[in-house]
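Visitor: Structure file protein-v2.cif (mmCIF, N, CA and C atoms) right here:
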```cif
data_entry
#
loop_
_atom_site.label_atom_id
_atom_site.label_comp_id
_atom_site.auth_asym_id
_atom_site.auth_seq_id
_atom_site.Cartn_x
_atom_site.Cartn_y
_atom_site.Cartn_z
N MET A 1 -19.99 -17.32 -2.69
CA MET A 1 -18.68 -17.31 -3.32
C MET A 1 -17.60 -17.33 -2.23
N GLU A 2 -16.61 -18.17 -2.43
CA GLU A 2 -15.52 -18.29 -1.47
C GLU A 2 -14.53 -17.16 -1.66
N SER A 3 -13.96 -16.70 -0.56
CA SER A 3 -13.00 -15.61 -0.60
C SER A 3 -11.72 -16.04 -1.31
N ALA A 4 -11.19 -15.14 -2.14
CA ALA A 4 -9.93 -15.41 -2.83
C ALA A 4 -8.74 -15.20 -1.91
N VAL A 5 -8.99 -14.57 -0.76
CA VAL A 5 -7.92 -14.24 0.17
C VAL A 5 -8.08 -15.10 1.43
N ASP A 6 -7.05 -15.88 1.71
CA ASP A 6 -7.05 -16.75 2.88
C ASP A 6 -6.71 -15.93 4.13
N VAL A 7 -7.65 -15.88 5.05
CA VAL A 7 -7.45 -15.08 6.27
C VAL A 7 -6.29 -15.62 7.10
N GLU A 8 -6.04 -16.90 7.04
CA GLU A 8 -4.91 -17.46 7.79
C GLU A 8 -3.58 -17.01 7.20
N GLU A 9 -3.54 -16.87 5.90
CA GLU A 9 -2.32 -16.36 5.25
C GLU A 9 -2.11 -14.89 5.62
N LEU A 10 -3.18 -14.12 5.64
CA LEU A 10 -3.08 -12.73 6.09
C LEU A 10 -2.63 -12.64 7.54
N ARG A 11 -3.18 -13.52 8.37
CA ARG A 11 -2.82 -13.55 9.79
C ARG A 11 -1.30 -13.77 9.93
N LEU A 12 -0.76 -14.68 9.13
CA LEU A 12 0.67 -14.98 9.17
C LEU A 12 1.49 -13.77 8.72
N ILE A 13 1.06 -13.11 7.64
CA ILE A 13 1.77 -11.92 7.15
C ILE A 13 1.78 -10.82 8.22
N VAL A 14 0.63 -10.57 8.82
CA VAL A 14 0.54 -9.54 9.87
C VAL A 14 1.38 -9.94 11.07
N ALA A 15 1.28 -11.18 11.50
CA ALA A 15 2.03 -11.64 12.67
C ALA A 15 3.53 -11.52 12.44
N GLN A 16 4.01 -11.93 11.28
CA GLN A 16 5.44 -11.83 10.99
C GLN A 16 5.90 -10.38 11.00
N SER A 17 5.09 -9.49 10.44
CA SER A 17 5.45 -8.08 10.39
C SER A 17 5.47 -7.45 11.78
N LEU A 18 4.60 -7.94 12.65
CA LEU A 18 4.52 -7.41 14.02
C LEU A 18 5.38 -8.19 15.00
N GLU A 19 6.10 -9.20 14.47
CA GLU A 19 6.95 -10.06 15.27
C GLU A 19 6.16 -10.72 16.40
N MET A 20 5.04 -11.34 16.00
CA MET A 20 4.16 -12.04 16.92
C MET A 20 3.92 -13.44 16.37
N GLU A 21 3.30 -14.27 17.19
CA GLU A 21 2.85 -15.57 16.74
C GLU A 21 1.49 -15.39 16.07
N PRO A 22 1.20 -16.16 15.01
CA PRO A 22 -0.09 -16.00 14.32
C PRO A 22 -1.30 -16.12 15.24
N GLU A 23 -1.23 -17.00 16.24
CA GLU A 23 -2.38 -17.16 17.13
C GLU A 23 -2.61 -15.95 18.03
N GLU A 24 -1.67 -15.01 18.06
CA GLU A 24 -1.84 -13.78 18.84
C GLU A 24 -2.61 -12.71 18.07
N VAL A 25 -2.86 -12.96 16.78
CA VAL A 25 -3.57 -11.99 15.93
C VAL A 25 -4.99 -12.50 15.70
N GLY A 26 -5.93 -11.93 16.44
CA GLY A 26 -7.34 -12.32 16.31
C GLY A 26 -8.00 -11.59 15.16
N ASP A 27 -9.07 -12.16 14.64
CA ASP A 27 -9.79 -11.56 13.51
C ASP A 27 -10.25 -10.14 13.80
N SER A 28 -10.67 -9.87 15.02
CA SER A 28 -11.22 -8.55 15.35
C SER A 28 -10.28 -7.71 16.22
N ASP A 29 -9.04 -8.18 16.44
CA ASP A 29 -8.08 -7.38 17.20
C ASP A 29 -7.76 -6.10 16.44
N HIS A 30 -7.88 -4.97 17.11
CA HIS A 30 -7.58 -3.67 16.51
C HIS A 30 -6.06 -3.58 16.33
N PHE A 31 -5.63 -3.31 15.08
CA PHE A 31 -4.21 -3.29 14.78
C PHE A 31 -3.44 -2.31 15.66
N ALA A 32 -3.90 -1.08 15.75
CA ALA A 32 -3.16 -0.06 16.51
C ALA A 32 -3.33 -0.23 18.01
N GLU A 33 -4.57 -0.42 18.45
CA GLU A 33 -4.85 -0.45 19.89
C GLU A 33 -4.47 -1.77 20.55
N ASP A 34 -4.84 -2.90 19.93
CA ASP A 34 -4.60 -4.20 20.54
C ASP A 34 -3.22 -4.78 20.18
N LEU A 35 -2.78 -4.54 18.95
CA LEU A 35 -1.54 -5.17 18.48
C LEU A 35 -0.38 -4.18 18.38
N GLU A 36 -0.65 -2.91 18.69
CA GLU A 36 0.36 -1.86 18.73
C GLU A 36 1.10 -1.68 17.40
N MET A 37 0.36 -1.77 16.29
CA MET A 37 0.95 -1.56 14.98
C MET A 37 1.23 -0.08 14.79
N ASP A 38 2.44 0.24 14.30
CA ASP A 38 2.77 1.63 13.99
C ASP A 38 2.94 1.78 12.48
N SER A 39 3.30 2.98 12.04
CA SER A 39 3.37 3.25 10.60
C SER A 39 4.46 2.44 9.90
N LEU A 40 5.55 2.15 10.57
CA LEU A 40 6.61 1.32 9.97
C LEU A 40 6.13 -0.11 9.77
N MET A 41 5.39 -0.60 10.74
CA MET A 41 4.83 -1.95 10.63
C MET A 41 3.79 -2.01 9.50
N ALA A 42 3.00 -0.95 9.36
CA ALA A 42 2.02 -0.89 8.27
C ALA A 42 2.73 -0.91 6.92
N LEU A 43 3.86 -0.22 6.82
CA LEU A 43 4.64 -0.22 5.59
C LEU A 43 5.16 -1.63 5.29
N GLU A 44 5.65 -2.32 6.30
CA GLU A 44 6.13 -3.69 6.09
C GLU A 44 5.00 -4.62 5.66
N ILE A 45 3.85 -4.49 6.30
CA ILE A 45 2.69 -5.32 5.92
C ILE A 45 2.30 -5.04 4.48
N SER A 46 2.25 -3.76 4.09
CA SER A 46 1.85 -3.43 2.72
C SER A 46 2.85 -3.99 1.71
N THR A 47 4.13 -3.96 2.03
CA THR A 47 5.15 -4.52 1.15
C THR A 47 4.97 -6.02 0.99
N ARG A 48 4.74 -6.71 2.09
CA ARG A 48 4.53 -8.16 2.04
C ARG A 48 3.27 -8.51 1.24
N LEU A 49 2.22 -7.72 1.43
CA LEU A 49 0.97 -7.96 0.70
C LEU A 49 1.15 -7.72 -0.80
N GLU A 50 1.90 -6.68 -1.14
CA GLU A 50 2.16 -6.41 -2.56
C GLU A 50 2.90 -7.57 -3.21
N ARG A 51 3.90 -8.10 -2.50
CA ARG A 51 4.65 -9.23 -3.04
C ARG A 51 3.77 -10.46 -3.18
N ARG A 52 2.94 -10.72 -2.20
CA ARG A 52 2.12 -11.93 -2.20
C ARG A 52 0.99 -11.88 -3.22
N TYR A 53 0.31 -10.74 -3.30
CA TYR A 53 -0.90 -10.65 -4.12
C TYR A 53 -0.70 -9.88 -5.43
N ALA A 54 0.47 -9.33 -5.65
CA ALA A 54 0.79 -8.59 -6.88
C ALA A 54 -0.21 -7.46 -7.17
N VAL A 55 -0.55 -6.72 -6.11
CA VAL A 55 -1.38 -5.53 -6.24
C VAL A 55 -0.71 -4.40 -5.45
N ALA A 56 -0.99 -3.16 -5.84
CA ALA A 56 -0.45 -2.02 -5.12
C ALA A 56 -1.24 -1.80 -3.84
N VAL A 57 -0.55 -1.91 -2.72
CA VAL A 57 -1.18 -1.72 -1.40
C VAL A 57 -0.45 -0.59 -0.70
N HIS A 58 -1.10 0.54 -0.54
CA HIS A 58 -0.48 1.68 0.12
C HIS A 58 -0.46 1.46 1.63
N ASP A 59 0.65 1.84 2.25
CA ASP A 59 0.74 1.67 3.70
C ASP A 59 -0.34 2.47 4.41
N THR A 60 -0.78 3.58 3.81
CA THR A 60 -1.86 4.35 4.43
C THR A 60 -3.18 3.56 4.41
N SER A 61 -3.36 2.74 3.37
CA SER A 61 -4.55 1.88 3.32
C SER A 61 -4.50 0.84 4.43
N VAL A 62 -3.32 0.26 4.63
CA VAL A 62 -3.16 -0.73 5.70
C VAL A 62 -3.37 -0.05 7.05
N GLY A 63 -2.86 1.16 7.20
CA GLY A 63 -3.03 1.90 8.45
C GLY A 63 -4.47 2.29 8.72
N ALA A 64 -5.27 2.38 7.66
CA ALA A 64 -6.67 2.78 7.81
C ALA A 64 -7.58 1.63 8.23
N VAL A 65 -7.19 0.40 7.91
CA VAL A 65 -8.02 -0.73 8.33
C VAL A 65 -7.75 -1.03 9.80
N GLN A 66 -8.76 -1.54 10.47
CA GLN A 66 -8.63 -1.71 11.92
C GLN A 66 -8.34 -3.13 12.36
N ASN A 67 -8.65 -4.10 11.50
CA ASN A 67 -8.46 -5.49 11.93
C ASN A 67 -8.27 -6.41 10.72
N LEU A 68 -8.07 -7.67 11.00
CA LEU A 68 -7.79 -8.66 9.97
C LEU A 68 -8.94 -8.81 8.98
N THR A 69 -10.16 -8.75 9.47
CA THR A 69 -11.33 -8.86 8.60
C THR A 69 -11.37 -7.72 7.59
N GLU A 70 -11.11 -6.50 8.05
CA GLU A 70 -11.09 -5.34 7.15
C GLU A 70 -9.92 -5.42 6.18
N LEU A 71 -8.80 -5.97 6.63
CA LEU A 71 -7.65 -6.13 5.75
C LEU A 71 -7.96 -7.12 4.62
N ARG A 72 -8.63 -8.21 4.95
CA ARG A 72 -9.03 -9.18 3.93
C ARG A 72 -9.96 -8.52 2.92
N ASP A 73 -10.91 -7.74 3.40
CA ASP A 73 -11.84 -7.03 2.50
C ASP A 73 -11.08 -6.07 1.58
N LEU A 74 -10.10 -5.35 2.12
CA LEU A 74 -9.30 -4.43 1.33
C LEU A 74 -8.55 -5.17 0.22
N ILE A 75 -7.92 -6.27 0.55
CA ILE A 75 -7.15 -7.03 -0.44
C ILE A 75 -8.09 -7.59 -1.52
N GLU A 76 -9.25 -8.06 -1.11
CA GLU A 76 -10.21 -8.56 -2.10
C GLU A 76 -10.64 -7.47 -3.07
N ILE A 77 -10.87 -6.26 -2.57
CA ILE A 77 -11.24 -5.13 -3.43
C ILE A 77 -10.09 -4.81 -4.38
N LEU A 78 -8.87 -4.76 -3.86
CA LEU A 78 -7.72 -4.45 -4.71
C LEU A 78 -7.51 -5.52 -5.78
N LEU A 79 -7.73 -6.76 -5.43
CA LEU A 79 -7.60 -7.84 -6.41
C LEU A 79 -8.65 -7.72 -7.51
N THR A 80 -9.87 -7.34 -7.12
CA THR A 80 -10.94 -7.16 -8.09
C THR A 80 -10.64 -5.98 -9.02
N GLU A 81 -10.22 -4.86 -8.43
CA GLU A 81 -9.92 -3.67 -9.22
C GLU A 81 -8.68 -3.85 -10.07
N GLY A 82 -7.73 -4.63 -9.57
CA GLY A 82 -6.47 -4.80 -10.28
C GLY A 82 -6.46 -5.96 -11.25
N SER A 83 -7.61 -6.61 -11.43
CA SER A 83 -7.68 -7.73 -12.36
C SER A 83 -7.39 -7.25 -13.78
N PRO A 84 -6.59 -8.03 -14.51
CA PRO A 84 -6.33 -7.65 -15.89
C PRO A 84 -7.61 -7.64 -16.71
N ALA A 85 -7.74 -6.67 -17.58
CA ALA A 85 -8.95 -6.54 -18.41
C ALA A 85 -8.96 -7.57 -19.52
#
```
Would you give me this structure, written as structure tokens?
Guide:
Amino acid sequence: MESAVDVEELRLIVAQSLEMEPEEVGDSDHFAEDLEMDSLMALEISTRLERRYAVAVHDTSVGAVQNLTELRDLIEILLTEGSPA
């Protein structure tokens, strides 16, 4: 099954929030350690993700994931759980 979440789109959202170029955000780059993401940046990312995917994304959830791959997994779970019945 193909992923409903485009990792390149996530990369762009994260890069814009961190004021970086998308190619600077690697799939396994640690958000806090490698990309220096702080809590304000996590809040901005969660807001952008909520607007894009129409799901509730807590900034603490974004802060808990370590990289782009984990972020994609989180959004996929939220989309599945948030699907209309």
Visitor: From the options A:Asp73, A:Leu18, A:Ser39, A:His30, which residue's atoms come nearest to A:Thr60, counting only C-alpha atoms?
Guide: A:Ser39
Visitor: Just how far from atom CA of A:Leu10 is atom N of A:Asp27, in Å to one decimal?
Guide: 10.5 Å
Visitor: Residue by residue, what does the PyMOL selection byres ((chain A and resi 28) around 8) grab here? Present the result as a list in words.
Guide: Val25, Gly26, Asp27, Asp29, His30, Phe31, Asp34, Gln66, Asn67, Leu68, Thr69 and Glu70 of chain A
Visitor: Could you state the separation of atom N of A:Asp6 and atom CA of A:Tyr53 in Å, given to one decimal place?
Guide: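 Between atom N of A:Asp6 and atom CA of A:Tyr53 the gap is 10.0 Å.
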Visitor: For A:Glu76, work out the shell of residues within 8 Å, counting all atoms listed in the file and skipping chain neighbours fewer than 5 positions away, then give it as a list in words.
Guide: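 Close residues of A:Glu76: Ser3, Ala4, Val5, Glu70, Leu71, Glu81 and Gly82 of chain A.
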Visitor: Which distance in Å separates atom CA of A:Asp38 and atom CA of A:Arg52, to one decimal?
Guide: 21.1 Å
Visitor: What's the 12 Å shell around A:Glu19, counting only C-alpha atoms, without same-chain residues fewer than 3 positions away, as an MDAnalysis selection string?
Guide: chainID A and resid 11:16 22:25 35:37 41 44:45
Visitor: From chain A, collect each residue whose DSSP state is alpha helix (DSSP H) and return the set as a PyMOL selection string.
Guide: chain A and resi 7-17+39-53+59-64+68-81
